[in-house]
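Chemist: This is the content of coords18.pdb (PDB, C-alpha atoms):
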```
ATOM      1  CA  MET B   1    -119.899-156.661 163.360
ATOM      2  CA  ASP B   2    -119.793-160.027 161.683
ATOM      3  CA  GLU B   3    -116.417-160.552 159.939
ATOM      4  CA  LEU B   4    -118.112-162.612 157.269
ATOM      5  CA  ALA B   5    -120.039-161.232 154.380
ATOM      6  CA  SER B   6    -123.739-160.777 155.054
ATOM      7  CA  GLY B   7    -126.257-163.058 153.466
ATOM      8  CA  GLY B   8    -125.675-166.750 152.904
ATOM      9  CA  GLY B   9    -122.150-166.844 154.364
ATOM     10  CA  ALA B  10    -118.669-166.413 152.900
ATOM     11  CA  ASP B  11    -117.829-168.110 149.638
ATOM     12  CA  HIS B  12    -114.630-170.110 149.324
ATOM     13  CA  GLU B  13    -112.564-167.190 148.046
ATOM     14  CA  HIS B  14    -113.707-164.861 150.827
ATOM     15  CA  LEU B  15    -113.059-167.520 153.475
ATOM     16  CA  ALA B  16    -109.581-168.111 152.036
ATOM     17  CA  ARG B  17    -108.805-164.395 152.302
ATOM     18  CA  LEU B  18    -109.959-164.278 155.919
ATOM     19  CA  PHE B  19    -107.949-167.394 156.711
ATOM     20  CA  GLU B  20    -104.809-165.806 155.268
ATOM     21  CA  GLU B  21    -105.380-162.744 157.446
ATOM     22  CA  HIS B  22    -105.317-165.015 160.522
ATOM     23  CA  ARG B  23    -102.574-167.392 159.329
ATOM     24  CA  GLY B  24     -99.789-165.740 161.355
ATOM     25  CA  HIS B  25    -101.831-165.983 164.551
ATOM     26  CA  LEU B  26    -102.779-169.601 163.832
ATOM     27  CA  ARG B  27     -99.152-170.524 163.151
ATOM     28  CA  ALA B  28     -98.146-168.960 166.479
ATOM     29  CA  VAL B  29    -100.849-170.943 168.297
ATOM     30  CA  ALA B  30     -99.802-174.187 166.619
ATOM     31  CA  TYR B  31     -96.095-173.624 167.299
ATOM     32  CA  ARG B  32     -96.697-173.068 171.007
ATOM     33  CA  MET B  33     -98.962-176.108 171.084
ATOM     34  CA  LEU B  34     -96.629-178.438 169.188
ATOM     35  CA  GLY B  35     -93.138-176.993 169.641
ATOM     36  CA  SER B  36     -92.353-177.854 166.041
ATOM     37  CA  LEU B  37     -92.233-175.476 163.092
ATOM     38  CA  SER B  38     -92.974-178.145 160.507
ATOM     39  CA  GLU B  39     -95.808-179.664 162.552
ATOM     40  CA  ALA B  40     -97.244-176.186 163.131
ATOM     41  CA  GLU B  41     -97.411-175.625 159.373
ATOM     42  CA  ASP B  42     -99.084-179.022 158.949
ATOM     43  CA  ALA B  43    -101.634-178.158 161.646
ATOM     44  CA  VAL B  44    -102.484-174.821 160.041
ATOM     45  CA  GLN B  45    -102.925-176.481 156.648
ATOM     46  CA  GLU B  46    -105.176-179.145 158.179
ATOM     47  CA  GLY B  47    -107.082-176.342 159.903
ATOM     48  CA  TRP B  48    -107.707-174.701 156.533
ATOM     49  CA  LEU B  49    -109.004-177.965 155.058
ATOM     50  CA  ARG B  50    -111.437-178.370 157.943
ATOM     51  CA  ALA B  51    -112.554-174.741 157.824
ATOM     52  CA  SER B  52    -113.132-174.869 154.078
ATOM     53  CA  LEU B  53    -115.479-177.853 154.517
ATOM     54  CA  ALA B  54    -117.410-176.352 157.445
ATOM     55  CA  ASP B  55    -120.391-174.011 157.426
ATOM     56  CA  SER B  56    -118.954-170.620 158.381
ATOM     57  CA  GLY B  57    -122.067-168.633 157.621
ATOM     58  CA  ALA B  58    -123.083-168.194 161.257
ATOM     59  CA  VAL B  59    -119.585-167.404 162.563
ATOM     60  CA  ASP B  60    -119.320-163.988 164.209
ATOM     61  CA  ASN B  61    -115.735-164.341 165.505
ATOM     62  CA  MET B  62    -113.564-165.679 162.709
ATOM     63  CA  GLY B  63    -110.332-165.533 164.714
ATOM     64  CA  GLY B  64    -111.783-167.482 167.622
ATOM     65  CA  TRP B  65    -113.452-170.018 165.335
ATOM     66  CA  LEU B  66    -110.279-170.709 163.376
ATOM     67  CA  THR B  67    -108.244-170.893 166.593
ATOM     68  CA  THR B  68    -110.540-173.598 167.976
ATOM     69  CA  ILE B  69    -110.277-175.562 164.714
ATOM     70  CA  VAL B  70    -106.470-175.441 164.736
ATOM     71  CA  GLY B  71    -106.539-176.157 168.483
ATOM     72  CA  ARG B  72    -108.449-179.397 167.854
ATOM     73  CA  VAL B  73    -105.961-180.393 165.158
ATOM     74  CA  CYS B  74    -103.038-179.718 167.524
ATOM     75  CA  LEU B  75    -104.680-181.665 170.348
ATOM     76  CA  ASN B  76    -105.056-184.698 168.081
ATOM     77  CA  MET B  77    -101.431-184.389 166.998
ATOM     78  CA  LEU B  78    -100.240-184.162 170.622
ATOM     79  CA  ARG B  79    -102.270-187.228 171.582
ATOM     80  CA  SER B  80    -100.880-189.145 168.616
ATOM     81  CA  ARG B  81     -97.367-188.093 169.614
ATOM     82  CA  SER B  82     -97.967-189.364 173.165
ATOM     83  CA  VAL B  83     -99.113-192.738 171.850
ATOM     84  CA  ARG B  84     -96.005-193.026 169.647
ATOM     85  CA  ARG B  85     -93.753-192.252 172.614
ATOM     86  CA  GLU B  86     -95.428-194.838 174.811
ATOM     87  CA  ALA B  87     -94.975-197.434 172.071
ATOM     88  CA  ALA B  88     -91.304-196.491 171.737
ATOM     89  CA  LEU B  89     -90.775-196.816 175.489
ATOM     90  CA  ASP B  90     -92.431-200.241 175.438
ATOM     91  CA  VAL B  91     -89.938-201.378 172.818
ATOM     92  CA  GLY B  92     -87.134-200.108 175.023
ATOM     93  CA  GLU B  93     -84.714-199.371 172.186
ATOM     94  CA  TYR B  94     -83.872-195.850 173.312
ATOM     95  CA  GLU B  95     -84.798-193.241 175.839
ATOM     96  CA  THR B  96     -87.428-190.936 174.352
ATOM     97  CA  VAL B  97     -86.469-187.270 174.636
ATOM     98  CA  HIS B  98     -88.213-184.450 172.775
ATOM     99  CA  VAL B  99     -86.646-181.054 172.202
ATOM    100  CA  PRO B 100     -88.968-178.636 170.388
ATOM    101  CA  ASP B 101     -87.884-177.157 167.075
ATOM    102  CA  PRO B 102     -86.147-173.813 167.667
ATOM    103  CA  VAL B 103     -86.624-170.537 165.847
ATOM    104  CA  LEU B 104     -83.230-169.515 164.509
ATOM    105  CA  GLY B 105     -81.690-166.193 163.560
ATOM    106  CA  ARG B 106     -78.375-164.400 163.305
ATOM    107  CA  VAL B 107     -76.646-163.528 166.544
ATOM    108  CA  ASP B 108     -75.828-160.075 165.151
ATOM    109  CA  VAL B 109     -79.317-159.065 164.008
ATOM    110  CA  ALA B 110     -79.314-155.457 162.805
ATOM    111  CA  ASP B 111     -82.931-155.180 161.605
ATOM    112  CA  PRO B 112     -84.972-153.799 164.556
ATOM    113  CA  GLU B 113     -88.166-155.466 163.309
ATOM    114  CA  GLN B 114     -86.472-158.868 163.058
ATOM    115  CA  GLU B 115     -84.818-158.303 166.431
ATOM    116  CA  ALA B 116     -88.215-157.634 168.006
ATOM    117  CA  LEU B 117     -89.667-160.740 166.377
ATOM    118  CA  LEU B 118     -86.874-162.950 167.706
ATOM    119  CA  THR B 119     -87.036-161.438 171.190
ATOM    120  CA  ASP B 120     -90.792-161.960 171.319
ATOM    121  CA  SER B 121     -90.619-165.572 170.178
ATOM    122  CA  VAL B 122     -91.414-168.165 172.825
ATOM    123  CA  GLY B 123     -88.303-169.465 174.564
ATOM    124  CA  LEU B 124     -87.076-172.983 173.893
ATOM    125  CA  ALA B 125     -86.862-173.642 177.639
ATOM    126  CA  LEU B 126     -90.577-172.868 177.980
ATOM    127  CA  LEU B 127     -91.412-175.121 175.039
ATOM    128  CA  VAL B 128     -89.526-177.953 176.729
ATOM    129  CA  VAL B 129     -91.550-177.418 179.910
ATOM    130  CA  LEU B 130     -94.795-177.311 177.905
ATOM    131  CA  ASP B 131     -93.811-180.615 176.342
ATOM    132  CA  THR B 132     -94.035-182.268 179.780
ATOM    133  CA  LEU B 133     -97.733-181.362 180.096
ATOM    134  CA  ALA B 134    -100.604-183.656 179.206
ATOM    135  CA  PRO B 135    -102.124-182.695 175.818
ATOM    136  CA  ALA B 136    -105.342-181.256 177.292
ATOM    137  CA  GLU B 137    -103.398-179.298 179.934
ATOM    138  CA  ARG B 138    -101.101-177.846 177.318
ATOM    139  CA  LEU B 139    -103.983-176.793 175.099
ATOM    140  CA  ALA B 140    -105.891-175.139 177.957
ATOM    141  CA  PHE B 141    -102.790-173.276 179.153
ATOM    142  CA  VAL B 142    -101.622-172.135 175.722
ATOM    143  CA  LEU B 143    -105.002-171.017 174.430
ATOM    144  CA  HIS B 144    -106.018-169.239 177.645
ATOM    145  CA  ASP B 145    -102.789-167.914 179.157
ATOM    146  CA  MET B 146    -100.937-167.135 175.925
ATOM    147  CA  PHE B 147    -103.796-166.238 173.584
ATOM    148  CA  ALA B 148    -106.576-165.141 175.965
ATOM    149  CA  LEU B 149    -109.197-167.523 174.571
ATOM    150  CA  PRO B 150    -112.086-167.852 177.083
ATOM    151  CA  PHE B 151    -112.442-171.156 178.926
ATOM    152  CA  GLU B 152    -115.985-171.411 177.531
ATOM    153  CA  ASP B 153    -114.486-171.611 174.019
ATOM    154  CA  ILE B 154    -111.718-174.031 174.999
ATOM    155  CA  ALA B 155    -113.981-176.447 176.907
ATOM    156  CA  PRO B 156    -115.620-178.073 173.835
ATOM    157  CA  ILE B 157    -112.185-178.806 172.338
ATOM    158  CA  VAL B 158    -111.148-180.911 175.349
ATOM    159  CA  ASP B 159    -114.656-182.282 176.027
ATOM    160  CA  ARG B 160    -114.861-180.760 179.504
ATOM    161  CA  THR B 161    -116.851-178.111 181.297
ATOM    162  CA  ALA B 162    -115.490-174.575 181.504
ATOM    163  CA  ALA B 163    -114.742-175.109 185.201
ATOM    164  CA  ALA B 164    -112.824-178.333 184.519
ATOM    165  CA  THR B 165    -110.923-176.610 181.696
ATOM    166  CA  ARG B 166    -109.986-173.825 184.098
ATOM    167  CA  GLN B 167    -108.506-176.476 186.404
ATOM    168  CA  LEU B 168    -106.485-177.948 183.513
ATOM    169  CA  ALA B 169    -104.948-174.556 182.828
ATOM    170  CA  SER B 170    -104.313-173.975 186.530
ATOM    171  CA  ARG B 171    -102.436-177.276 186.901
ATOM    172  CA  ALA B 172    -100.409-176.522 183.800
ATOM    173  CA  ARG B 173     -99.605-173.025 185.066
ATOM    174  CA  ARG B 174     -98.273-174.397 188.360
ATOM    175  CA  ARG B 175     -96.039-176.899 186.545
ATOM    176  CA  VAL B 176     -94.699-174.213 184.226
ATOM    177  CA  GLN B 177     -93.968-171.953 187.198
ATOM    178  CA  ASP B 178     -92.367-174.770 189.202
ATOM    179  CA  GLN B 179     -90.107-175.946 186.378
ATOM    180  CA  GLY B 180     -89.194-172.550 184.992
ATOM    181  CA  ALA B 181     -87.646-171.014 188.106
ATOM    182  CA  SER B 182     -86.043-167.616 187.411
ATOM    183  CA  PRO B 183     -83.719-168.261 184.460
ATOM    184  CA  SER B 184     -81.390-165.450 183.501
ATOM    185  CA  THR B 185     -82.431-163.503 180.386
ATOM    186  CA  ASP B 186     -79.302-161.340 180.241
ATOM    187  CA  ARG B 187     -78.432-161.673 176.553
ATOM    188  CA  GLY B 188     -74.970-160.183 177.063
ATOM    189  CA  ARG B 189     -74.084-162.777 179.690
ATOM    190  CA  GLN B 190     -75.582-165.564 177.580
ATOM    191  CA  ARG B 191     -73.467-164.496 174.603
ATOM    192  CA  GLU B 192     -70.364-164.602 176.830
ATOM    193  CA  VAL B 193     -71.255-168.142 177.893
ATOM    194  CA  VAL B 194     -71.864-169.231 174.293
ATOM    195  CA  ASP B 195     -68.505-167.842 173.197
ATOM    196  CA  ALA B 196     -66.766-169.467 176.174
ATOM    197  CA  TRP B 197     -68.456-172.805 175.424
ATOM    198  CA  ILE B 198     -67.342-172.728 171.787
ATOM    199  CA  SER B 199     -63.775-171.830 172.771
ATOM    200  CA  ALA B 200     -63.570-174.531 175.449
ATOM    201  CA  SER B 201     -65.073-177.157 173.130
ATOM    202  CA  ARG B 202     -62.646-176.379 170.322
ATOM    203  CA  ALA B 203     -59.711-176.441 172.727
ATOM    204  CA  GLY B 204     -60.894-179.689 174.344
ATOM    205  CA  ASP B 205     -60.695-177.893 177.728
ATOM    206  CA  PHE B 206     -62.748-180.116 180.048
ATOM    207  CA  GLU B 207     -62.241-177.945 183.147
ATOM    208  CA  ALA B 208     -63.348-174.809 181.301
ATOM    209  CA  LEU B 209     -66.531-176.571 180.203
ATOM    210  CA  LEU B 210     -67.134-177.751 183.761
ATOM    211  CA  ALA B 211     -66.764-174.218 185.123
ATOM    212  CA  LEU B 212     -69.611-172.999 182.903
ATOM    213  CA  LEU B 213     -72.089-175.549 184.265
ATOM    214  CA  ASP B 214     -74.376-175.455 187.274
ATOM    215  CA  PRO B 215     -73.784-178.532 189.498
ATOM    216  CA  ASP B 216     -77.342-179.757 188.784
ATOM    217  CA  VAL B 217     -77.374-178.936 185.068
ATOM    218  CA  LEU B 218     -79.712-180.966 182.841
ATOM    219  CA  LEU B 219     -78.852-181.901 179.253
ATOM    220  CA  ARG B 220     -81.588-183.016 176.853
ATOM    221  CA  ALA B 221     -80.336-184.411 173.561
ATOM    222  CA  ASP B 222     -82.968-185.288 170.958
ATOM    223  CA  ALA B 223     -81.527-187.316 168.090
ATOM    224  CA  GLY B 224     -84.817-188.827 166.957
ATOM    225  CA  LEU B 225     -84.729-192.606 166.932
ATOM    226  CA  LEU B 226     -80.975-192.798 167.457
ATOM    227  CA  PRO B 227     -79.479-194.080 170.730
ATOM    228  CA  ALA B 228     -77.861-190.639 171.150
ATOM    229  CA  SER B 229     -81.202-189.334 172.467
ATOM    230  CA  LYS B 230     -80.717-189.007 176.197
ATOM    231  CA  LEU B 231     -81.137-187.098 179.428
ATOM    232  CA  VAL B 232     -77.930-186.342 181.312
ATOM    233  CA  ARG B 233     -77.830-184.729 184.764
ATOM    234  CA  GLY B 234     -74.935-183.197 186.667
ATOM    235  CA  ALA B 235     -72.065-180.930 185.652
ATOM    236  CA  ARG B 236     -69.351-183.571 185.285
ATOM    237  CA  ALA B 237     -71.558-185.956 183.277
ATOM    238  CA  VAL B 238     -72.669-183.140 180.946
ATOM    239  CA  ALA B 239     -69.107-181.901 180.481
ATOM    240  CA  GLU B 240     -68.034-185.448 179.658
ATOM    241  CA  GLN B 241     -70.750-185.646 176.985
ATOM    242  CA  ALA B 242     -69.575-182.364 175.473
ATOM    243  CA  HIS B 243     -65.978-183.589 175.550
ATOM    244  CA  THR B 244     -67.020-186.823 173.822
ATOM    245  CA  PHE B 245     -68.571-184.927 170.905
ATOM    246  CA  ARG B 246     -65.777-182.347 170.599
ATOM    247  CA  LYS B 247     -65.141-183.513 167.010
ATOM    248  CA  PHE B 248     -68.103-181.319 166.022
ATOM    249  CA  ALA B 249     -66.684-178.233 167.768
ATOM    250  CA  PRO B 250     -64.922-176.870 164.638
ATOM    251  CA  PHE B 251     -68.278-176.799 162.854
ATOM    252  CA  THR B 252     -70.136-174.760 165.487
ATOM    253  CA  ARG B 253     -71.129-171.096 165.260
ATOM    254  CA  PRO B 254     -73.207-168.733 167.423
ATOM    255  CA  VAL B 255     -76.808-167.916 166.465
ATOM    256  CA  LEU B 256     -79.980-166.691 168.090
ATOM    257  CA  VAL B 257     -82.192-169.537 169.313
ATOM    258  CA  ASN B 258     -85.650-168.169 170.145
ATOM    259  CA  GLY B 259     -84.127-164.735 170.502
ATOM    260  CA  MET B 260     -81.279-165.755 172.839
ATOM    261  CA  PRO B 261     -77.683-166.709 171.947
ATOM    262  CA  GLY B 262     -77.148-170.376 171.184
ATOM    263  CA  ILE B 263     -75.079-172.626 168.919
ATOM    264  CA  VAL B 264     -75.569-174.530 165.684
ATOM    265  CA  ALA B 265     -73.295-177.113 164.106
ATOM    266  CA  VAL B 266     -73.151-177.023 160.308
ATOM    267  CA  VAL B 267     -71.383-179.949 158.633
ATOM    268  CA  ASP B 268     -70.799-179.844 154.850
ATOM    269  CA  GLY B 269     -73.356-177.059 154.527
ATOM    270  CA  ARG B 270     -76.027-179.053 156.373
ATOM    271  CA  LEU B 271     -77.543-178.046 159.692
ATOM    272  CA  TYR B 272     -76.580-180.901 161.989
ATOM    273  CA  SER B 273     -77.633-179.720 165.440
ATOM    274  CA  VAL B 274     -78.969-176.786 167.445
ATOM    275  CA  MET B 275     -78.023-176.114 171.072
ATOM    276  CA  ALA B 276     -79.967-173.765 173.344
ATOM    277  CA  PHE B 277     -78.778-172.612 176.765
ATOM    278  CA  THR B 278     -80.687-171.711 179.913
ATOM    279  CA  LEU B 279     -78.707-169.800 182.533
ATOM    280  CA  GLY B 280     -79.393-169.513 186.245
ATOM    281  CA  GLU B 281     -79.273-166.253 188.147
ATOM    282  CA  ASP B 282     -75.569-166.811 188.841
ATOM    283  CA  GLY B 283     -74.832-166.937 185.098
ATOM    284  CA  ARG B 284     -74.022-170.652 184.941
ATOM    285  CA  ILE B 285     -75.762-173.088 182.604
ATOM    286  CA  THR B 286     -78.733-174.869 184.193
ATOM    287  CA  GLU B 287     -80.114-176.511 181.023
ATOM    288  CA  LEU B 288     -78.776-177.504 177.623
ATOM    289  CA  ASN B 289     -81.293-178.537 174.970
ATOM    290  CA  ILE B 290     -79.847-180.089 171.824
ATOM    291  CA  LEU B 291     -81.857-180.927 168.719
ATOM    292  CA  ALA B 292     -79.938-183.295 166.429
ATOM    293  CA  ASP B 293     -82.811-185.236 164.877
ATOM    294  CA  GLN B 294     -81.775-185.532 161.230
ATOM    295  CA  GLU B 295     -85.406-185.912 160.199
ATOM    296  CA  ARG B 296     -86.250-182.515 161.703
ATOM    297  CA  THR B 297     -83.205-180.249 161.464
ATOM    298  CA  PRO B 298     -83.333-180.017 157.636
ATOM    299  CA  LYS B 299     -86.875-178.591 157.957
ATOM    300  CA  LEU B 300     -85.795-175.654 160.122
ATOM    301  CA  ASP B 301     -85.638-172.225 158.518
ATOM    302  CA  ALA B 302     -81.860-171.830 158.534
ATOM    303  CA  SER B 303     -81.350-170.119 155.176
ATOM    304  CA  PHE B 304     -79.306-167.412 156.919
ATOM    305  CA  LEU B 305     -76.525-169.968 157.543
ATOM    306  CA  THR B 306     -75.436-169.716 153.916
ATOM    307  CA  ALA B 307     -75.886-165.944 153.675
TER     308      ALA B 307
END
```
Starting from the file, lay out its structure as structure tokens.
Modeler:
Amino acid sequence: MDELASGGGADHEHLARLFEEHRGHLRAVAYRMLGSLSEAEDAVQEGWLRASLADSGAVDNMGGWLTTIVGRVCLNMLRSRSVRREAALDVGEYETVHVPDPVLGRVDVADPEQEALLTDSVGLALLVVLDTLAPAERLAFVLHDMFALPFEDIAPIVDRTAAATRQLASRARRRVQDQGASPSTDRGRQREVVDAWISASRAGDFEALLALLDPDVLLRADAGLLPASKLVRGARAVAEQAHTFRKFAPFTRPVLVNGMPGIVAVVDGRLYSVMAFTLGEDGRITELNILADQERTPKLDASFLTA
């Protein structure tokens, strides 16, 4: 049955109520598309503005219709982001690295509902992989594979046929599978590694840091426009970076980052950085993703840090 009121279509108040009912779903779509909590909120708000100006009288699937609207907004934002990165690379002032905004929580969550929410949240490692996809590939993969939207509904958003959209999602799926090879999701082991990393960093123990790292570990550090944004590969080089920034070690504490143990640094009551770990099957660190962009970290929901 049509979700909208019969007759001449939903009035503004009725449409607003229906939009609010779908807001959580739309925010989840936008977050997986953009990898940024603040940008996801912006996309949902822009989606509402577009929906409120459109003719919704003939809509028989409100959720699908709103998802396609927010999907278009996200696609435009991704394309704009790609253009900005290319311009930055042309200038050559710094190496452009993007680490998606994490979802934070306590490491000792006692509320089962909150625990389930954090566990179900998309992993930061996956968001980093998604960020390597072309905008149209990412949209096709996220909307189809994560939210089961039919290719026939996705195709108009990316200006392709349903068959071509299916190919976009297929290419994206292969890249996600190739780059996300069997990380460990043992939360107990990850907590042990987090605790060991904090202890080694505070003690300035270079060899202990080195022992926690896979030989081919990759570090992504996103500091916005600062020269500290970088990609670092190899255990010794990554350990040296950690040793260099050991002055922040006293300010670190364990948290949940997308449902898995990670680390934040809080300096003078301000969230300075977030570090997420990806472990290999042998329990050593294969990826470190650090968000230290001072334009973005203040926008993260980290109210629990002062609780």
Chemist: Could you tell me, as a VMD selection string, exactly which residues end up selected when the PyMOL selection byres ((chain B and resi 206) around 10) is applied to this structure?
Modeler: chain B and resid 200 to 201 203 to 205 207 to 211 236 239 to 240 242 to 243
Chemist: Box for segment 21-37 of chain B - axis-aligned, 6 Å on each of the six sides, all listed atoms - centre and size in Å to one decimal, as JSON.
Modeler:
```
{"center_x": -98.8, "center_y": -170.6, "center_z": 164.3, "size_x": 25.1, "size_y": 27.7, "size_z": 25.6}
```
Chemist: Exactly which residues make up the result of the PyMOL selection byres ((chain B and resi 288) around 8) on this file, given as a list of chain:residue names?
Modeler: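 Applied to this file, the PyMOL selection byres ((chain B and resi 288) around 8) selects B:Val217, B:Leu218, B:Leu219, B:Arg220, B:Met275, B:Ala276, B:Phe277, B:Thr278, B:Ile285, B:Thr286, B:Glu287, B:Asn289, B:Ile290.
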Chemist: How would the residues just chosen look if you wrote them out with C-alpha atoms as a compact mmCIF listing (two decimals), in the coordinates of the input?
Modeler:
```txt
# COMPACT_ATOMS: atom_id res chain seq x y z
CA VAL B 217 -77.37 -178.94 185.07
CA LEU B 218 -79.71 -180.97 182.84
CA LEU B 219 -78.85 -181.90 179.25
CA ARG B 220 -81.59 -183.02 176.85
CA MET B 275 -78.02 -176.11 171.07
CA ALA B 276 -79.97 -173.76 173.34
CA PHE B 277 -78.78 -172.61 176.76
CA THR B 278 -80.69 -171.71 179.91
CA ILE B 285 -75.76 -173.09 182.60
CA THR B 286 -78.73 -174.87 184.19
CA GLU B 287 -80.11 -176.51 181.02
CA ASN B 289 -81.29 -178.54 174.97
CA ILE B 290 -79.85 -180.09 171.82
```
Chemist: In Å, how far is it from atom CA of Leu34 of chain B to atom CA of Asp131 of chain B?
Modeler: 8.0 Å
Chemist: With the file shown as input, list the residues that the PyMOL selection byres ((chain B and resi 67) around 12) selects, as a PDB file with C-alpha atoms, keeping the file's coordinate frame.
Modeler:
```pdb
ATOM      1  CA  PHE B  19    -107.949-167.394 156.711  1.00  0.00           C
ATOM      2  CA  HIS B  22    -105.317-165.015 160.522  1.00  0.00           C
ATOM      3  CA  ARG B  23    -102.574-167.392 159.329  1.00  0.00           C
ATOM      4  CA  GLY B  24     -99.789-165.740 161.355  1.00  0.00           C
ATOM      5  CA  HIS B  25    -101.831-165.983 164.551  1.00  0.00           C
ATOM      6  CA  LEU B  26    -102.779-169.601 163.832  1.00  0.00           C
ATOM      7  CA  ARG B  27     -99.152-170.524 163.151  1.00  0.00           C
ATOM      8  CA  ALA B  28     -98.146-168.960 166.479  1.00  0.00           C
ATOM      9  CA  VAL B  29    -100.849-170.943 168.297  1.00  0.00           C
ATOM     10  CA  ALA B  30     -99.802-174.187 166.619  1.00  0.00           C
ATOM     11  CA  MET B  33     -98.962-176.108 171.084  1.00  0.00           C
ATOM     12  CA  ALA B  43    -101.634-178.158 161.646  1.00  0.00           C
ATOM     13  CA  VAL B  44    -102.484-174.821 160.041  1.00  0.00           C
ATOM     14  CA  GLY B  47    -107.082-176.342 159.903  1.00  0.00           C
ATOM     15  CA  TRP B  48    -107.707-174.701 156.533  1.00  0.00           C
ATOM     16  CA  ARG B  50    -111.437-178.370 157.943  1.00  0.00           C
ATOM     17  CA  ALA B  51    -112.554-174.741 157.824  1.00  0.00           C
ATOM     18  CA  ASN B  61    -115.735-164.341 165.505  1.00  0.00           C
ATOM     19  CA  MET B  62    -113.564-165.679 162.709  1.00  0.00           C
ATOM     20  CA  GLY B  63    -110.332-165.533 164.714  1.00  0.00           C
ATOM     21  CA  GLY B  64    -111.783-167.482 167.622  1.00  0.00           C
ATOM     22  CA  TRP B  65    -113.452-170.018 165.335  1.00  0.00           C
ATOM     23  CA  LEU B  66    -110.279-170.709 163.376  1.00  0.00           C
ATOM     24  CA  THR B  68    -110.540-173.598 167.976  1.00  0.00           C
ATOM     25  CA  ILE B  69    -110.277-175.562 164.714  1.00  0.00           C
ATOM     26  CA  VAL B  70    -106.470-175.441 164.736  1.00  0.00           C
ATOM     27  CA  GLY B  71    -106.539-176.157 168.483  1.00  0.00           C
ATOM     28  CA  ARG B  72    -108.449-179.397 167.854  1.00  0.00           C
ATOM     29  CA  VAL B  73    -105.961-180.393 165.158  1.00  0.00           C
ATOM     30  CA  CYS B  74    -103.038-179.718 167.524  1.00  0.00           C
ATOM     31  CA  LEU B  75    -104.680-181.665 170.348  1.00  0.00           C
ATOM     32  CA  LEU B 139    -103.983-176.793 175.099  1.00  0.00           C
ATOM     33  CA  VAL B 142    -101.622-172.135 175.722  1.00  0.00           C
ATOM     34  CA  LEU B 143    -105.002-171.017 174.430  1.00  0.00           C
ATOM     35  CA  HIS B 144    -106.018-169.239 177.645  1.00  0.00           C
ATOM     36  CA  PHE B 147    -103.796-166.238 173.584  1.00  0.00           C
ATOM     37  CA  ALA B 148    -106.576-165.141 175.965  1.00  0.00           C
ATOM     38  CA  LEU B 149    -109.197-167.523 174.571  1.00  0.00           C
ATOM     39  CA  PRO B 150    -112.086-167.852 177.083  1.00  0.00           C
ATOM     40  CA  ASP B 153    -114.486-171.611 174.019  1.00  0.00           C
ATOM     41  CA  ILE B 154    -111.718-174.031 174.999  1.00  0.00           C
ATOM     42  CA  ILE B 157    -112.185-178.806 172.338  1.00  0.00           C
TER      43      ILE B 157
END
```
Chemist: For Ala235 of chain B, which of B:Leu212, B:Lys247, B:Ala223, B:Asp186 is the closest residue, counting only C-alpha atoms?
Modeler: B:Leu212
Chemist: Please provide as number ranges by chain all residues within 7 Å of segment 257-264 of chain B, with the sequence filter that same-chain residues fewer than 4 positions apart are discarded (counting only C-alpha atoms).
Modeler: B: 102-105, 107, 118-119, 121-124, 187, 190-191, 194, 252-253, 273-277
Chemist: For the atom pair atom CA of Arg175 of chain B and atom CA of Val238 of chain B, what is the interatomic distance in Å to one decimal place?
Modeler: 24.8 Å
Chemist: Quick one: distance from atom CA of Leu279 of chain B to atom CA of His98 of chain B in Å, one decimal?
Modeler: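 Answer for the atom CA of Leu279 of chain B to atom CA of His98 of chain B separation: 20.0 Å.
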Chemist: Go through B:Met146, B:Leu78, B:Leu271, B:Leu37 one by one, measure the shortest atom-to-atom distance of each to Asp101 of chain B using only C-alpha atoms, and give the residue with the smallest value.
Modeler: B:Leu37
Chemist: Can you pull out every residue within 9 Å of Pro298 of chain B, counting only C-alpha atoms, but drop anything in the same chain fewer than 5 positions away, and send it as a list of chain:residue names?
Modeler: B:Arg270, B:Leu271, B:Tyr272, B:Asp293
Chemist: Neighbouring residues of Leu168 of chain B were defined as those with any atom within 7 Å, considering only C-alpha atoms; residues of the same chain fewer than 4 positions away were excluded. Please report them as a list in words.
Modeler: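 Those residues are Glu137, Ala140, Ala164 and Ala172 of chain B.
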Chemist: With C-alpha atoms retained, export the selected residues as a short mmCIF file (atom, residue, chain, number, x, y, z; two decimals), in the frame of the given file.
Modeler:
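Result file follows (result28.cif):
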```
data_model
loop_
_atom_site.label_atom_id
_atom_site.label_comp_id
_atom_site.auth_asym_id
_atom_site.auth_seq_id
_atom_site.Cartn_x
_atom_site.Cartn_y
_atom_site.Cartn_z
CA GLU B 137 -103.40 -179.30 179.93
CA ALA B 140 -105.89 -175.14 177.96
CA ALA B 164 -112.82 -178.33 184.52
CA ALA B 172 -100.41 -176.52 183.80
#
```
Chemist: I'd like to know which of B:Gln179, B:Ser52, B:Gln294, B:Thr161 is closest to Leu127 of chain B, using all atoms listed in the file.
Modeler: B:Gln179
